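I have placed the structure first, in the form of structure tokens, so that the comments after it can refer back to it.
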Amino acid sequence: VFLTQGIGITPHRSILCHIARSKLPVYTTLIHVDRSGHPFREETQALAMEAYFPESSDEFKRQVLEVAGKQPDAAYYVAGGLRFHASTLQLLKQRGIKSSAIHHDRLPNYMNKSVITPYHDLTDWRRKRAW
């Protein structure tokens with residue numbers, strides 16, 4: 001089960017492509033939340049056995065809980081911004097998914113309105129630098 005936000009779709013797309021090219025007997029589910037559109041939507045929808053594209057966090061949570069209820073023994077792959085990453089891991093653990101079944105990739109440099117990384121202060125470095 002691939003749980004992804006925004007540009008987090010990129011590694012999941014690559015894995016889905018590999019599964020398809022290698023003709024691996026793997027049942028795949030993709031849930032990709034993105035308010036501003038879904039990059040690779042047509043491609044990933046064709047590659048995954050099940051694909052969902054919610055546009056809000058509430059819709060995403062509802063879909064994750066439903067899928068986790070149907071697939072409690074699946075392997076879960078999480079990729080997205082820091083806030084998304086933390087809340088999704090917590091959601092899976094609350095649902096009873098074992099930590100050993102959760103694989104994740106934080107995207108610490110991924111900037112959006114809801115994520116502030118340690119690198120945020122460096123975005124305005126030119127004005128702060130003394131010449």
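The way I read the labels, and the way they are meant: chains A, B, ... in the order of the structure tokens, residue 1 as the first residue of every chain, and ligand 1 as the first ligand shown, with later ones counted on from there.
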
**Report entry** range 76-81 of chain A environment, 7 Å, only C-alpha atoms, sequence neighbours closer than 2 positions dropped, as a list of chain:residue names
**Finding:** A:Val1, A:Phe2, A:Leu3, A:Thr4, A:Gln5, A:Gly6, A:Ile7, A:Gly8, A:Ala74, A:Arg83, A:Phe84, A:His85, A:Ala101, A:Ile102, A:His103, A:His104, A:Asp105, A:Arg106, A:Leu107, A:Pro108, A:Tyr110, A:Val115

Write the residues you've just listed into a file as a JSON list (two decimals), in the first residue's frame, and include N, CA, C and O atoms for each of them.
```json
[["chain", "number", "residue", "atom", "x", "y", "z"],
["A", 1, "VAL", "N", 0.87, -1.16, 0.00],
["A", 1, "VAL", "CA", 0.00, 0.00, 0.00],
["A", 1, "VAL", "C", 0.91, 1.22, 0.00],
["A", 1, "VAL", "O", 1.74, 1.38, 0.88],
["A", 2, "PHE", "N", 0.76, 2.06, -1.00],
["A", 2, "PHE", "CA", 1.57, 3.26, -1.15],
["A", 2, "PHE", "C", 0.75, 4.46, -0.70],
["A", 2, "PHE", "O", -0.30, 4.74, -1.26],
["A", 3, "LEU", "N", 1.24, 5.16, 0.32],
["A", 3, "LEU", "CA", 0.58, 6.34, 0.87],
["A", 3, "LEU", "C", 1.49, 7.51, 0.60],
["A", 3, "LEU", "O", 2.61, 7.57, 1.12],
["A", 4, "THR", "N", 1.00, 8.45, -0.18],
["A", 4, "THR", "CA", 1.89, 9.50, -0.63],
["A", 4, "THR", "C", 1.22, 10.86, -0.71],
["A", 4, "THR", "O", 0.01, 10.95, -0.89],
["A", 5, "GLN", "N", 2.04, 11.89, -0.58],
["A", 5, "GLN", "CA", 1.57, 13.27, -0.66],
["A", 5, "GLN", "C", 2.43, 14.01, -1.66],
["A", 5, "GLN", "O", 3.66, 13.87, -1.66],
["A", 6, "GLY", "N", 1.80, 14.80, -2.51],
["A", 6, "GLY", "CA", 2.54, 15.69, -3.42],
["A", 6, "GLY", "C", 3.62, 14.98, -4.21],
["A", 6, "GLY", "O", 3.37, 13.96, -4.84],
["A", 7, "ILE", "N", 4.85, 15.51, -4.13],
["A", 7, "ILE", "CA", 5.94, 14.95, -4.90],
["A", 7, "ILE", "C", 6.42, 13.60, -4.37],
["A", 7, "ILE", "O", 7.23, 12.94, -4.99],
["A", 8, "GLY", "N", 5.88, 13.17, -3.24],
["A", 8, "GLY", "CA", 6.18, 11.84, -2.71],
["A", 8, "GLY", "C", 5.75, 10.74, -3.67],
["A", 8, "GLY", "O", 6.16, 9.59, -3.53],
["A", 74, "ALA", "N", -0.65, -5.99, 4.97],
["A", 74, "ALA", "CA", 0.11, -5.46, 3.84],
["A", 74, "ALA", "C", 1.36, -4.73, 4.31],
["A", 74, "ALA", "O", 1.48, -4.38, 5.49],
["A", 83, "ARG", "N", 5.22, 16.87, 7.95],
["A", 83, "ARG", "CA", 3.95, 16.83, 8.68],
["A", 83, "ARG", "C", 3.08, 15.66, 8.21],
["A", 83, "ARG", "O", 2.50, 14.94, 9.02],
["A", 84, "PHE", "N", 3.00, 15.47, 6.90],
["A", 84, "PHE", "CA", 2.27, 14.34, 6.32],
["A", 84, "PHE", "C", 2.86, 13.03, 6.82],
["A", 84, "PHE", "O", 2.14, 12.12, 7.22],
["A", 85, "HIS", "N", 4.16, 12.94, 6.77],
["A", 85, "HIS", "CA", 4.88, 11.74, 7.18],
["A", 85, "HIS", "C", 4.53, 11.36, 8.62],
["A", 85, "HIS", "O", 4.12, 10.23, 8.90],
["A", 101, "ALA", "N", 5.91, -3.37, 9.37],
["A", 101, "ALA", "CA", 5.23, -3.38, 8.08],
["A", 101, "ALA", "C", 5.19, -1.99, 7.44],
["A", 101, "ALA", "O", 4.65, -1.82, 6.35],
["A", 102, "ILE", "N", 5.76, -0.99, 8.13],
["A", 102, "ILE", "CA", 5.71, 0.39, 7.63],
["A", 102, "ILE", "C", 7.11, 0.81, 7.18],
["A", 102, "ILE", "O", 8.06, 0.79, 7.96],
["A", 103, "HIS", "N", 7.20, 1.19, 5.93],
["A", 103, "HIS", "CA", 8.45, 1.69, 5.34],
["A", 103, "HIS", "C", 8.19, 3.14, 4.97],
["A", 103, "HIS", "O", 7.14, 3.46, 4.43],
["A", 104, "HIS", "N", 9.14, 4.01, 5.23],
["A", 104, "HIS", "CA", 8.83, 5.42, 5.00],
["A", 104, "HIS", "C", 10.04, 6.21, 4.54],
["A", 104, "HIS", "O", 11.18, 5.84, 4.76],
["A", 105, "ASP", "N", 9.70, 7.30, 3.85],
["A", 105, "ASP", "CA", 10.71, 8.21, 3.32],
["A", 105, "ASP", "C", 10.24, 9.63, 3.59],
["A", 105, "ASP", "O", 9.27, 10.09, 3.01],
["A", 106, "ARG", "N", 10.92, 10.30, 4.52],
["A", 106, "ARG", "CA", 10.60, 11.70, 4.80],
["A", 106, "ARG", "C", 11.24, 12.55, 3.73],
["A", 106, "ARG", "O", 12.35, 12.28, 3.30],
["A", 107, "LEU", "N", 10.55, 13.59, 3.33],
["A", 107, "LEU", "CA", 11.10, 14.52, 2.36],
["A", 107, "LEU", "C", 11.33, 15.85, 3.09],
["A", 107, "LEU", "O", 10.51, 16.76, 3.01],
["A", 108, "PRO", "N", 12.46, 15.96, 3.82],
["A", 108, "PRO", "CA", 12.66, 17.14, 4.68],
["A", 108, "PRO", "C", 12.79, 18.46, 3.94],
["A", 108, "PRO", "O", 12.54, 19.50, 4.50],
["A", 110, "TYR", "N", 11.03, 19.25, 1.32],
["A", 110, "TYR", "CA", 9.78, 19.52, 0.63],
["A", 110, "TYR", "C", 9.08, 20.66, 1.36],
["A", 110, "TYR", "O", 8.74, 20.56, 2.52],
["A", 115, "VAL", "N", 4.38, 22.87, 5.99],
["A", 115, "VAL", "CA", 5.64, 22.28, 6.45],
["A", 115, "VAL", "C", 6.70, 23.36, 6.55],
["A", 115, "VAL", "O", 6.93, 24.11, 5.61]]
```

Report task. Assign secondary structure with DSSP using the backbone only, and return the residues of chain A in alpha helix (DSSP H) as an MDAnalysis selection string. Result -> chainID A and resid 9:22 41:47 57:70 82:94 125:128

Query raised in the report: What is the distance between CA of Ser36 in chain A and CA of Ala75 in chain A, in Å to one decimal?
Result: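 It comes out at 27.4 Å.
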
Report summary line: Ala51 in chain A proximity check over A:Arg35, A:Arg13, A:Arg95, A:Lys23, using only C-alpha atoms: winner is A:Arg13

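Note that CA of Ile31 in chain A and CA of His18 in chain A are 18.0 Å apart.
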
Would you give me, as a Markdown table, each residue of range 64-90 of chain A having an atom within 12 Å of an atom of range 54-60 of chain A, along with its shortest atom pair and that distance in Å to one decimal, using only C-alpha atoms and sorting by chain and residue number?
```
| residue | atom | partner | partner_atom | distance |
| --- | --- | --- | --- | --- |
| A:Val64 | CA | A:Phe60 | CA | 6.1 |
| A:Leu65 | CA | A:Phe60 | CA | 8.7 |
| A:Glu66 | CA | A:Phe60 | CA | 9.9 |
| A:Val67 | CA | A:Phe60 | CA | 10.6 |
| A:Arg83 | CA | A:Ser57 | CA | 11.3 |
| A:Phe84 | CA | A:Ser57 | CA | 9.0 |
| A:Ser87 | CA | A:Ser57 | CA | 10.0 |
| A:Thr88 | CA | A:Phe60 | CA | 9.5 |
```

Can you write just those residues out, N, CA and C atoms, as a PDB file, in the first residue's frame?
```pdb
ATOM      1  N   VAL A  64      -7.345   5.835   4.024  1.00  0.00           N
ATOM      2  CA  VAL A  64      -6.299   5.030   4.659  1.00  0.00           C
ATOM      3  C   VAL A  64      -6.908   4.067   5.670  1.00  0.00           C
ATOM      4  N   LEU A  65      -7.812   4.556   6.499  1.00  0.00           N
ATOM      5  CA  LEU A  65      -8.441   3.686   7.490  1.00  0.00           C
ATOM      6  C   LEU A  65      -9.215   2.557   6.831  1.00  0.00           C
ATOM      7  N   GLU A  66      -9.888   2.860   5.741  1.00  0.00           N
ATOM      8  CA  GLU A  66     -10.637   1.827   5.016  1.00  0.00           C
ATOM      9  C   GLU A  66      -9.698   0.772   4.430  1.00  0.00           C
ATOM     10  N   VAL A  67      -8.641   1.212   3.778  1.00  0.00           N
ATOM     11  CA  VAL A  67      -7.689   0.279   3.172  1.00  0.00           C
ATOM     12  C   VAL A  67      -6.966  -0.533   4.249  1.00  0.00           C
ATOM     13  N   ARG A  83       5.225  16.869   7.953  1.00  0.00           N
ATOM     14  CA  ARG A  83       3.952  16.829   8.685  1.00  0.00           C
ATOM     15  C   ARG A  83       3.082  15.656   8.212  1.00  0.00           C
ATOM     16  N   PHE A  84       3.002  15.467   6.898  1.00  0.00           N
ATOM     17  CA  PHE A  84       2.265  14.345   6.322  1.00  0.00           C
ATOM     18  C   PHE A  84       2.857  13.031   6.816  1.00  0.00           C
ATOM     19  N   SER A  87       1.997  12.398  10.593  1.00  0.00           N
ATOM     20  CA  SER A  87       0.578  12.110  10.835  1.00  0.00           C
ATOM     21  C   SER A  87       0.160  10.779  10.222  1.00  0.00           C
ATOM     22  N   THR A  88       0.746  10.412   9.084  1.00  0.00           N
ATOM     23  CA  THR A  88       0.401   9.137   8.453  1.00  0.00           C
ATOM     24  C   THR A  88       0.945   7.967   9.256  1.00  0.00           C
TER      25      THR A  88
END
```

Query raised in the report: Closest to Pro72 in chain A among A:Pro11, A:Gly96, A:Pro25, A:Gly37, using only C-alpha atoms?
Result: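 Looking at the shortest contact to Pro72 in chain A, the residue is A:Gly96.
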
Which residues in range 27-105 of chain A does DSSP call strand (DSSP E)? List them as a compact mmCIF listing (two decimals) with C-alpha atoms, in the first residue's frame.
```txt
# COMPACT_ATOMS: atom_id res chain seq x y z
CA THR A 29 -2.90 0.02 -3.65
CA LEU A 30 -2.04 3.69 -4.08
CA ILE A 31 -3.48 6.60 -2.10
CA HIS A 32 -2.04 9.91 -3.29
CA VAL A 33 -3.27 13.08 -1.60
CA GLU A 50 -6.42 0.10 -6.69
CA ALA A 51 -5.79 3.85 -6.84
CA TYR A 52 -7.37 6.69 -4.89
CA TYR A 76 2.88 0.15 3.82
CA TYR A 77 5.13 2.67 2.09
CA VAL A 78 4.83 6.33 3.14
CA ALA A 79 6.45 9.27 1.30
CA GLY A 80 5.75 12.97 1.70
CA ILE A 102 5.71 0.39 7.63
CA HIS A 103 8.45 1.69 5.34
CA HIS A 104 8.83 5.42 5.00
CA ASP A 105 10.71 8.21 3.32
```

Report summary line: With distances taken over only C-alpha atoms, the candidate from A:Ile97, A:Ala86, A:Ile9, A:Leu24 nearest Gln45 in chain A is A:Ile9

**Report entry** Point-to-point distance in Å for CA of Phe53 in chain A and CA of Leu92 in chain A
**Finding:** 18.3 Å
